[in-house]
$ cat coords_19.pdb   # PDB, C-alpha atoms
ATOM      1  CA  MET J   1       0.000   0.000   0.000
ATOM      2  CA  SER J   2       1.548   3.296  -1.107
ATOM      3  CA  ARG J   3       1.999   6.037   1.462
ATOM      4  CA  HIS J   4       1.145   9.558   0.441
ATOM      5  CA  VAL J   5      -0.184  12.923   1.583
ATOM      6  CA  ALA J   6      -3.951  13.013   1.119
ATOM      7  CA  ILE J   7      -6.128  16.080   0.636
ATOM      8  CA  VAL J   8      -9.424  16.590   2.470
ATOM      9  CA  THR J   9     -11.703  19.566   1.895
ATOM     10  CA  ASP J  10     -15.400  20.259   2.435
ATOM     11  CA  SER J  11     -18.450  20.264   0.203
ATOM     12  CA  THR J  12     -18.351  24.033  -0.357
ATOM     13  CA  ALA J  13     -15.283  23.636  -2.601
ATOM     14  CA  TYR J  14     -17.674  22.589  -5.399
ATOM     15  CA  LEU J  15     -15.024  20.630  -7.239
ATOM     16  CA  PRO J  16     -16.287  18.520 -10.153
ATOM     17  CA  PRO J  17     -16.680  14.884  -9.032
ATOM     18  CA  ASP J  18     -14.366  13.552 -11.749
ATOM     19  CA  THR J  19     -11.671  16.018 -10.676
ATOM     20  CA  MET J  20     -11.960  14.853  -7.084
ATOM     21  CA  ARG J  21     -11.695  11.224  -8.128
ATOM     22  CA  ARG J  22      -8.705  11.887 -10.365
ATOM     23  CA  HIS J  23      -6.789  13.626  -7.589
ATOM     24  CA  GLY J  24      -8.069  11.515  -4.702
ATOM     25  CA  ILE J  25      -9.593  14.509  -2.898
ATOM     26  CA  THR J  26     -12.159  13.788  -0.164
ATOM     27  CA  ALA J  27     -14.915  16.297   0.653
ATOM     28  CA  VAL J  28     -16.679  16.351   4.030
ATOM     29  CA  PRO J  29     -20.290  17.534   3.616
ATOM     30  CA  LEU J  30     -21.815  20.512   5.387
ATOM     31  CA  THR J  31     -25.489  20.360   6.298
ATOM     32  CA  VAL J  32     -28.481  22.371   5.150
ATOM     33  CA  VAL J  33     -31.420  22.520   7.555
ATOM     34  CA  LEU J  34     -34.635  22.928   5.605
ATOM     35  CA  GLY J  35     -37.524  23.348   8.020
ATOM     36  CA  ASP J  36     -36.984  20.449  10.415
ATOM     37  CA  GLN J  37     -34.924  18.353   7.973
ATOM     38  CA  ALA J  38     -31.124  18.197   8.167
ATOM     39  CA  LEU J  39     -29.769  17.335   4.711
ATOM     40  CA  GLU J  40     -26.194  16.742   3.571
ATOM     41  CA  GLU J  41     -24.989  19.069   0.841
ATOM     42  CA  GLY J  42     -24.243  17.318  -2.418
ATOM     43  CA  THR J  43     -26.127  14.105  -1.730
ATOM     44  CA  GLU J  44     -29.415  14.880   0.021
ATOM     45  CA  ILE J  45     -30.324  18.335  -1.293
ATOM     46  CA  SER J  46     -29.738  19.841  -4.715
ATOM     47  CA  ALA J  47     -29.176  23.470  -5.629
ATOM     48  CA  ARG J  48     -32.478  23.424  -7.518
ATOM     49  CA  SER J  49     -34.394  22.213  -4.449
ATOM     50  CA  LEU J  50     -32.680  24.842  -2.335
ATOM     51  CA  ALA J  51     -33.539  27.630  -4.776
ATOM     52  CA  LEU J  52     -37.197  26.576  -4.831
ATOM     53  CA  ALA J  53     -37.293  26.534  -1.024
ATOM     54  CA  LEU J  54     -35.815  30.028  -0.855
ATOM     55  CA  GLN J  55     -38.258  31.339  -3.450
ATOM     56  CA  LYS J  56     -41.093  29.971  -1.291
ATOM     57  CA  ARG J  57     -39.491  31.721   1.714
ATOM     58  CA  ARG J  58     -39.052  28.495   3.638
ATOM     59  CA  SER J  59     -36.743  28.522   6.657
ATOM     60  CA  VAL J  60     -33.216  27.532   5.578
ATOM     61  CA  THR J  61     -30.107  27.429   7.753
ATOM     62  CA  THR J  62     -26.735  25.699   7.500
ATOM     63  CA  SER J  63     -24.476  23.868   9.928
ATOM     64  CA  ARG J  64     -20.919  22.587  10.057
ATOM     65  CA  PRO J  65     -19.872  18.931  10.027
ATOM     66  CA  SER J  66     -19.323  17.530  13.502
ATOM     67  CA  PRO J  67     -15.820  16.719  14.766
ATOM     68  CA  GLU J  68     -16.914  13.072  14.747
ATOM     69  CA  VAL J  69     -17.567  13.207  11.006
ATOM     70  CA  PHE J  70     -14.107  14.646  10.446
ATOM     71  CA  ALA J  71     -12.556  12.031  12.727
ATOM     72  CA  ALA J  72     -14.208   9.227  10.744
ATOM     73  CA  THR J  73     -13.000  10.790   7.484
ATOM     74  CA  TYR J  74      -9.415  11.073   8.734
ATOM     75  CA  ARG J  75      -9.459   7.445   9.884
ATOM     76  CA  ALA J  76     -10.778   6.263   6.522
ATOM     77  CA  VAL J  77      -8.202   8.273   4.584
ATOM     78  CA  ALA J  78      -5.388   6.952   6.785
ATOM     79  CA  GLU J  79      -6.604   3.372   6.361
ATOM     80  CA  ALA J  80      -6.572   3.916   2.591
ATOM     81  CA  GLY J  81      -2.842   4.609   2.755
ATOM     82  CA  ALA J  82      -2.292   8.245   3.675
ATOM     83  CA  SER J  83       0.823   9.003   5.696
ATOM     84  CA  GLY J  84      -0.462  12.532   6.374
ATOM     85  CA  ILE J  85      -3.462  14.704   5.590
ATOM     86  CA  VAL J  86      -3.875  18.332   4.549
ATOM     87  CA  SER J  87      -7.404  19.421   5.457
ATOM     88  CA  LEU J  88      -8.449  22.623   3.626
ATOM     89  CA  HIS J  89     -11.653  24.449   4.477
ATOM     90  CA  LEU J  90     -13.861  27.425   3.821
ATOM     91  CA  SER J  91     -13.284  30.654   5.686
ATOM     92  CA  ALA J  92     -13.681  30.361   9.441
ATOM     93  CA  GLU J  93     -15.528  33.690   9.219
ATOM     94  CA  PHE J  94     -18.404  31.830   7.539
ATOM     95  CA  SER J  95     -18.540  28.524   9.364
ATOM     96  CA  GLY J  96     -17.296  26.469  12.299
ATOM     97  CA  THR J  97     -16.071  23.807   9.860
ATOM     98  CA  TYR J  98     -12.407  24.707  10.422
ATOM     99  CA  ASP J  99     -12.824  24.472  14.214
ATOM    100  CA  ALA J 100     -14.470  21.050  13.931
ATOM    101  CA  ALA J 101     -11.605  19.823  11.753
ATOM    102  CA  VAL J 102      -9.025  21.120  14.253
ATOM    103  CA  LEU J 103     -10.709  19.216  17.081
ATOM    104  CA  ALA J 104     -10.778  15.988  15.079
ATOM    105  CA  ALA J 105      -7.181  16.354  13.924
ATOM    106  CA  LYS J 106      -5.882  16.094  17.503
ATOM    107  CA  ASP J 107      -6.712  12.390  17.695
ATOM    108  CA  ALA J 108      -6.207  11.408  14.059
ATOM    109  CA  PRO J 109      -4.078   8.303  13.376
ATOM    110  CA  VAL J 110      -1.742  10.266  11.062
ATOM    111  CA  PRO J 111      -0.551  13.892  11.140
ATOM    112  CA  VAL J 112      -3.227  16.318   9.939
ATOM    113  CA  ARG J 113      -2.582  19.935   8.969
ATOM    114  CA  VAL J 114      -5.831  21.926   9.039
ATOM    115  CA  VAL J 115      -5.889  25.150   7.015
ATOM    116  CA  ASP J 116      -8.398  27.999   7.073
ATOM    117  CA  THR J 117      -8.024  29.084   3.452
ATOM    118  CA  GLY J 118     -10.213  32.167   3.872
ATOM    119  CA  MET J 119     -11.849  31.016   0.638
ATOM    120  CA  VAL J 120     -15.100  29.416  -0.476
ATOM    121  CA  ALA J 121     -16.510  27.725  -3.594
ATOM    122  CA  MET J 122     -13.951  27.148  -6.377
ATOM    123  CA  ALA J 123     -11.595  29.598  -4.671
ATOM    124  CA  LEU J 124     -11.316  26.817  -2.086
ATOM    125  CA  GLY J 125     -11.397  24.202  -4.836
ATOM    126  CA  PHE J 126      -8.360  25.688  -6.584
ATOM    127  CA  CYS J 127      -6.458  25.592  -3.268
ATOM    128  CA  ALA J 128      -7.298  21.909  -2.876
ATOM    129  CA  LEU J 129      -6.183  21.200  -6.442
ATOM    130  CA  SER J 130      -2.835  22.927  -5.909
ATOM    131  CA  ALA J 131      -2.239  20.955  -2.723
ATOM    132  CA  ALA J 132      -3.194  17.693  -4.444
ATOM    133  CA  GLU J 133      -0.909  18.332  -7.418
ATOM    134  CA  THR J 134       1.981  19.106  -5.052
ATOM    135  CA  ALA J 135       1.360  15.896  -3.106
ATOM    136  CA  GLU J 136       1.167  13.903  -6.345
ATOM    137  CA  ALA J 137       4.574  15.282  -7.299
ATOM    138  CA  GLY J 138       6.015  13.893  -4.076
ATOM    139  CA  GLY J 139       5.599  16.902  -1.819
ATOM    140  CA  GLY J 140       5.136  16.424   1.903
ATOM    141  CA  LEU J 141       2.714  18.071   4.322
ATOM    142  CA  ASP J 142       4.577  21.373   4.477
ATOM    143  CA  GLU J 143       4.880  21.627   0.702
ATOM    144  CA  ALA J 144       1.203  20.832   0.122
ATOM    145  CA  VAL J 145       0.105  23.387   2.722
ATOM    146  CA  ALA J 146       2.415  26.012   1.195
ATOM    147  CA  ALA J 147       0.993  25.356  -2.280
ATOM    148  CA  ALA J 148      -2.570  25.818  -1.016
ATOM    149  CA  GLU J 149      -1.703  28.986   0.885
ATOM    150  CA  LYS J 150       0.116  30.458  -2.114
ATOM    151  CA  ARG J 151      -2.895  29.743  -4.336
ATOM    152  CA  ALA J 152      -5.243  31.312  -1.797
ATOM    153  CA  ALA J 153      -3.105  34.444  -1.539
ATOM    154  CA  GLY J 154      -3.356  35.053  -5.295
ATOM    155  CA  THR J 155      -7.023  34.170  -5.728
ATOM    156  CA  SER J 156      -9.826  36.742  -5.939
ATOM    157  CA  THR J 157     -13.560  36.164  -5.652
ATOM    158  CA  TYR J 158     -16.226  38.588  -6.844
ATOM    159  CA  PHE J 159     -19.969  38.163  -7.013
ATOM    160  CA  TYR J 160     -23.301  39.778  -7.696
ATOM    161  CA  VAL J 161     -26.550  39.052  -5.852
ATOM    162  CA  ASP J 162     -30.034  40.265  -6.663
ATOM    163  CA  THR J 163     -30.593  41.148  -3.007
ATOM    164  CA  LEU J 164     -28.520  41.342   0.162
ATOM    165  CA  ASP J 165     -31.401  39.971   2.260
ATOM    166  CA  TYR J 166     -30.137  36.380   2.286
ATOM    167  CA  LEU J 167     -26.635  37.434   3.348
ATOM    168  CA  ARG J 168     -28.141  39.638   6.057
ATOM    169  CA  ARG J 169     -30.379  36.865   7.405
ATOM    170  CA  GLY J 170     -27.440  34.512   7.643
ATOM    171  CA  GLY J 171     -25.263  37.097   9.353
ATOM    172  CA  ARG J 172     -22.765  37.116   6.471
ATOM    173  CA  ILE J 173     -23.051  40.844   5.837
ATOM    174  CA  GLY J 174     -23.841  43.711   8.175
ATOM    175  CA  ALA J 175     -27.406  44.895   8.541
ATOM    176  CA  ALA J 176     -26.319  48.458   7.803
ATOM    177  CA  GLN J 177     -24.792  47.443   4.464
ATOM    178  CA  ALA J 178     -27.890  45.433   3.560
ATOM    179  CA  LEU J 179     -30.184  48.315   4.485
ATOM    180  CA  LEU J 180     -28.089  50.730   2.451
ATOM    181  CA  GLY J 181     -28.464  48.554  -0.638
ATOM    182  CA  SER J 182     -32.224  48.306  -0.198
ATOM    183  CA  ALA J 183     -32.728  51.972   0.572
ATOM    184  CA  LEU J 184     -30.829  53.148  -2.482
ATOM    185  CA  ALA J 185     -32.273  50.438  -4.750
ATOM    186  CA  VAL J 186     -28.776  49.579  -5.935
ATOM    187  CA  LYS J 187     -27.391  46.283  -7.105
ATOM    188  CA  PRO J 188     -24.387  45.216  -5.029
ATOM    189  CA  LEU J 189     -21.094  43.854  -6.249
ATOM    190  CA  LEU J 190     -19.276  42.039  -3.471
ATOM    191  CA  GLN J 191     -15.857  40.533  -2.917
ATOM    192  CA  LEU J 192     -14.207  38.099  -0.558
ATOM    193  CA  ASP J 193     -11.607  40.027   1.430
ATOM    194  CA  GLY J 194      -9.750  38.632   4.426
ATOM    195  CA  GLY J 195     -12.174  35.734   4.593
ATOM    196  CA  ARG J 196     -15.155  38.093   4.840
ATOM    197  CA  ILE J 197     -17.762  39.360   2.397
ATOM    198  CA  GLU J 198     -17.287  43.037   1.710
ATOM    199  CA  LEU J 199     -19.246  45.458  -0.439
ATOM    200  CA  LEU J 200     -17.071  46.313  -3.446
ATOM    201  CA  GLU J 201     -19.231  48.612  -5.567
ATOM    202  CA  LYS J 202     -22.850  49.750  -5.859
ATOM    203  CA  VAL J 203     -24.361  49.731  -9.341
ATOM    204  CA  ARG J 204     -27.790  50.957 -10.375
ATOM    205  CA  THR J 205     -29.080  48.021 -12.439
ATOM    206  CA  ALA J 206     -28.517  44.284 -12.661
ATOM    207  CA  SER J 207     -27.256  44.486 -16.245
ATOM    208  CA  LYS J 208     -24.725  47.179 -15.355
ATOM    209  CA  ALA J 209     -23.603  45.240 -12.298
ATOM    210  CA  ILE J 210     -22.993  42.084 -14.345
ATOM    211  CA  ALA J 211     -21.138  44.077 -17.005
ATOM    212  CA  ARG J 212     -18.979  45.611 -14.285
ATOM    213  CA  LEU J 213     -18.335  42.157 -12.810
ATOM    214  CA  GLU J 214     -17.013  41.073 -16.204
ATOM    215  CA  GLU J 215     -14.698  44.081 -16.392
ATOM    216  CA  ILE J 216     -13.311  43.451 -12.914
ATOM    217  CA  VAL J 217     -12.590  39.804 -13.717
ATOM    218  CA  VAL J 218     -10.846  40.676 -16.993
ATOM    219  CA  GLU J 219      -8.717  43.296 -15.228
ATOM    220  CA  ARG J 220      -7.810  40.909 -12.412
ATOM    221  CA  ALA J 221      -7.008  38.041 -14.807
ATOM    222  CA  GLY J 222      -4.288  40.075 -16.497
ATOM    223  CA  GLY J 223      -2.112  38.545 -19.174
ATOM    224  CA  GLY J 224      -2.140  34.844 -18.588
ATOM    225  CA  GLY J 225      -1.716  31.636 -16.645
ATOM    226  CA  VAL J 226      -5.026  31.952 -14.847
ATOM    227  CA  ASP J 227      -7.919  29.667 -13.956
ATOM    228  CA  ILE J 228     -11.432  31.086 -13.667
ATOM    229  CA  ALA J 229     -14.604  29.651 -12.187
ATOM    230  CA  VAL J 230     -18.050  31.096 -12.865
ATOM    231  CA  HIS J 231     -20.690  30.227 -10.282
ATOM    232  CA  HIS J 232     -24.424  30.844 -10.185
ATOM    233  CA  LEU J 233     -27.603  29.851  -8.399
ATOM    234  CA  ALA J 234     -30.695  29.392 -10.568
ATOM    235  CA  ALA J 235     -29.145  31.695 -13.196
ATOM    236  CA  PRO J 236     -27.556  29.399 -15.814
ATOM    237  CA  GLU J 237     -28.067  31.820 -18.711
ATOM    238  CA  ARG J 238     -26.227  34.574 -16.851
ATOM    239  CA  ALA J 239     -23.382  32.201 -16.055
ATOM    240  CA  ASP J 240     -23.078  30.902 -19.606
ATOM    241  CA  ARG J 241     -23.035  34.403 -21.085
ATOM    242  CA  LEU J 242     -20.357  35.558 -18.640
ATOM    243  CA  ALA J 243     -18.246  32.457 -19.287
ATOM    244  CA  GLU J 244     -18.490  32.963 -23.053
ATOM    245  CA  ARG J 245     -17.370  36.583 -22.745
ATOM    246  CA  LEU J 246     -14.462  35.661 -20.468
ATOM    247  CA  ARG J 247     -13.273  32.990 -22.914
ATOM    248  CA  GLU J 248     -13.128  35.708 -25.568
ATOM    249  CA  ARG J 249     -11.505  38.367 -23.401
ATOM    250  CA  VAL J 250      -8.946  36.587 -21.182
ATOM    251  CA  PRO J 251      -5.976  35.690 -23.409
ATOM    252  CA  GLY J 252      -4.088  33.581 -20.880
ATOM    253  CA  LEU J 253      -7.032  31.529 -19.679
ATOM    254  CA  VAL J 254      -5.993  27.981 -18.755
ATOM    255  CA  ASP J 255      -9.181  26.411 -17.352
ATOM    256  CA  LEU J 256     -12.672  27.823 -17.012
ATOM    257  CA  HIS J 257     -15.205  26.043 -14.805
ATOM    258  CA  VAL J 258     -18.919  26.873 -14.883
ATOM    259  CA  SER J 259     -21.072  25.455 -12.117
ATOM    260  CA  GLU J 260     -24.048  26.063  -9.908
ATOM    261  CA  VAL J 261     -23.150  26.563  -6.263
ATOM    262  CA  GLY J 262     -24.384  24.028  -3.780
ATOM    263  CA  ALA J 263     -27.067  24.441  -1.174
ATOM    264  CA  VAL J 264     -24.850  25.796   1.615
ATOM    265  CA  ILE J 265     -23.563  28.829  -0.276
ATOM    266  CA  GLY J 266     -26.869  29.214  -2.088
ATOM    267  CA  ALA J 267     -28.719  29.476   1.224
ATOM    268  CA  HIS J 268     -26.760  32.636   2.020
ATOM    269  CA  THR J 269     -26.792  34.298  -1.405
ATOM    270  CA  GLY J 270     -30.217  33.464  -2.828
ATOM    271  CA  PRO J 271     -31.301  32.770  -6.414
ATOM    272  CA  GLY J 272     -29.760  35.031  -9.043
ATOM    273  CA  LEU J 273     -26.218  34.775  -7.687
ATOM    274  CA  LEU J 274     -23.494  35.251 -10.292
ATOM    275  CA  GLY J 275     -19.906  34.957  -9.141
ATOM    276  CA  ALA J 276     -16.415  34.610 -10.552
ATOM    277  CA  VAL J 277     -13.221  33.257  -9.034
ATOM    278  CA  VAL J 278      -9.917  34.396 -10.579
ATOM    279  CA  SER J 279      -6.981  32.200  -9.599
ATOM    280  CA  PRO J 280      -3.516  32.675 -11.141
ATOM    281  CA  ARG J 281      -1.455  29.510 -11.290
TER     282      ARG J 281
END
$ encode --input "coords_19.pdb" --output "structure tokens"
Amino acid sequence: MSRHVAIVTDSTAYLPPDTMRRHGITAVPLTVVLGDQALEEGTEISARSLALALQKRRSVTTSRPSPEVFAATYRAVAEAGASGIVSLHLSAEFSGTYDAAVLAAKDAPVPVRVVDTGMVAMALGFCALSAAETAEAGGGLDEAVAAAEKRAAGTSTYFYVDTLDYLRRGGRIGAAQALLGSALAVKPLLQLDGGRIELLEKVRTASKAIARLEEIVVERAGGGGVDIAVHHLAAPERADRLAERLRERVPGLVDLHVSEVGAVIGAHTGPGLLGAVVSPR
């Protein structure tokens, strides 16, 4: 049985299943609580079901995996041959997932390095991919962690939402910022900064906001060697149009992923989300 450094992340990385299989990446699921039902992201609730629930104004909350779930994952990965584990997770500002992983790592059968990437969605996914590629090339725990942290440091995440209400309800953006957006009838452009969601710009209409999002991504992508992910929730046409424009306008584009976010992120952004992750290699 070969010994290697294994990569664990969580379900908010939104990596394509075939990519996870190819690189041997394991994702621990977060939970969406819909009414009185607790459902695992990725297997028990779809983005479409989540969007419908939000549109019907049903009660939706999210919760972290338990330390016991992480402990079971670490044991299984070790039994499969891992000599060490790098466990990469969404921003601790959003979720207690990182804290649960830290607790479980203390009693794991192999060394586990837990990293708060400060990222989410494919911004987290790109970090996991960089760590996995480093481990596949023979890198140890320190090298895999360094690769993930370097990728995180260079990655930018921008997104548009139709309303700030979902972010406000979930405590992911301040009530004052949400009220400002509603009072002025503006469409917000947001960014991930220091692991937190911050208001980047205020634009008057949805079409202008999406056009501005495109411009920001093109500017940030620069000349080349960059991966981009376009995310949406219940807005596939928006996502496809943005992806098509970025393919035309980013000369050094390496990979472009287009995907709908899962239920956990969708619960906090609401239908109509359009986001872009820019990640230089």
$ closest_residue --input "coords_19.pdb" --among "J:Ala267, J:Val278, J:Val120, J:Val261" --to "Gly225 in chain J" --atoms "all atoms listed in the file"
J:Val278
$ resolve_selection --input "coords_19.pdb" --expression "the PyMOL selection byres ((chain J and resi 53-64) around 7)" --output "count of residues only"
18
$ resolve_selection --input "coords_19.pdb" --expression "the PyMOL selection byres ((chain J and resi 40) around 6)" --output "PyMOL selection string"
chain J and resi 29+31+39+41+43-44
$ atom_distance --input "coords_19.pdb" --atom1 "CA of Gly262 in chain J" --atom2 "CA of Ala108 in chain J"
28.4 Å
$ resolve_selection --input "coords_19.pdb" --expression "the PyMOL selection byres ((chain J and resi 86) around 8)" --output "VMD selection string"
chain J and resid 5 to 8 84 to 85 87 to 88 112 to 115 131 141 144 to 145
$ write_last_selection --input "coords_19.pdb" --atoms "C-alpha atoms" --output "mmCIF file, keeping the file's coordinate frame"
data_model
loop_
_atom_site.group_PDB
_atom_site.id
_atom_site.type_symbol
_atom_site.label_atom_id
_atom_site.label_comp_id
_atom_site.auth_asym_id
_atom_site.auth_seq_id
_atom_site.Cartn_x
_atom_site.Cartn_y
_atom_site.Cartn_z
ATOM 1 C CA VAL J 5 -0.184 12.923 1.583
ATOM 2 C CA ALA J 6 -3.951 13.013 1.119
ATOM 3 C CA ILE J 7 -6.128 16.080 0.636
ATOM 4 C CA VAL J 8 -9.424 16.590 2.470
ATOM 5 C CA GLY J 84 -0.462 12.532 6.374
ATOM 6 C CA ILE J 85 -3.462 14.704 5.590
ATOM 7 C CA SER J 87 -7.404 19.421 5.457
ATOM 8 C CA LEU J 88 -8.449 22.623 3.626
ATOM 9 C CA VAL J 112 -3.227 16.318 9.939
ATOM 10 C CA ARG J 113 -2.582 19.935 8.969
ATOM 11 C CA VAL J 114 -5.831 21.926 9.039
ATOM 12 C CA VAL J 115 -5.889 25.150 7.015
ATOM 13 C CA ALA J 131 -2.239 20.955 -2.723
ATOM 14 C CA LEU J 141 2.714 18.071 4.322
ATOM 15 C CA ALA J 144 1.203 20.832 0.122
ATOM 16 C CA VAL J 145 0.105 23.387 2.722
#
$ atom_distance --input "coords_19.pdb" --atom1 "CA of Ala121 in chain J" --atom2 "CA of Asp107 in chain J"
28.0 Å
$ closest_atom_pairs --input "coords_19.pdb" --of "range 89-193 of chain J" --to "range 69-74 of chain J" --cutoff "9 Å" --atoms "only C-alpha atoms" --output "JSON lines"
{"residue": "J:Ala100", "atom": "CA", "partner": "J:Phe70", "partner_atom": "CA", "distance": 7.3}
{"residue": "J:Ala101", "atom": "CA", "partner": "J:Phe70", "partner_atom": "CA", "distance": 5.9}
{"residue": "J:Leu103", "atom": "CA", "partner": "J:Ala71", "partner_atom": "CA", "distance": 8.6}
{"residue": "J:Ala104", "atom": "CA", "partner": "J:Ala71", "partner_atom": "CA", "distance": 4.9}
{"residue": "J:Ala105", "atom": "CA", "partner": "J:Ala71", "partner_atom": "CA", "distance": 7.0}
{"residue": "J:Asp107", "atom": "CA", "partner": "J:Ala71", "partner_atom": "CA", "distance": 7.7}
{"residue": "J:Ala108", "atom": "CA", "partner": "J:Tyr74", "partner_atom": "CA", "distance": 6.2}
{"residue": "J:Pro109", "atom": "CA", "partner": "J:Tyr74", "partner_atom": "CA", "distance": 7.6}
{"residue": "J:Val110", "atom": "CA", "partner": "J:Tyr74", "partner_atom": "CA", "distance": 8.1}
{"residue": "J:Val112", "atom": "CA", "partner": "J:Tyr74", "partner_atom": "CA", "distance": 8.2}
$ atom_distance --input "coords_19.pdb" --atom1 "CA of Glu215 in chain J" --atom2 "CA of Leu164 in chain J"
21.7 Å
$ closest_residue --input "coords_19.pdb" --among "J:Gly42, J:Gly272, J:Gly140, J:Gly223" --to "Arg249 in chain J" --atoms "only C-alpha atoms"
J:Gly223
$ closest_residue --input "coords_19.pdb" --among "J:Leu199, J:Val218, J:Ala78, J:Ala146" --to "Pro111 in chain J" --atoms "only C-alpha atoms"
J:Ala78
$ closest_residue --input "coords_19.pdb" --among "J:Met119, J:Met20, J:Leu213, J:Val28" --to "Pro67 in chain J" --atoms "all atoms listed in the file"
J:Val28
$ closest_residue --input "coords_19.pdb" --among "J:Val254, J:Tyr98, J:Ala243, J:Ala148" --to "Thr134 in chain J" --atoms "only C-alpha atoms"
J:Ala148
$ residues_around --input "coords_19.pdb" --residues "Ala211 in chain J" --least-positions-apart "5" --cutoff "9 Å" --atoms "only C-alpha atoms" --output "PDB file with C-alpha atoms, keeping the file's coordinate frame"
ATOM      1  CA  ALA J 206     -28.517  44.284 -12.661  1.00  0.00           C
ATOM      2  CA  ILE J 216     -13.311  43.451 -12.914  1.00  0.00           C
ATOM      3  CA  LEU J 242     -20.357  35.558 -18.640  1.00  0.00           C
TER       4      LEU J 242
END
$ residues_around --input "coords_19.pdb" --residues "Ala137 in chain J" --least-positions-apart "4" --cutoff "12 Å" --atoms "all atoms listed in the file" --output "PyMOL selection string"
chain J and resi 4-5+23+130-133+143-144+147
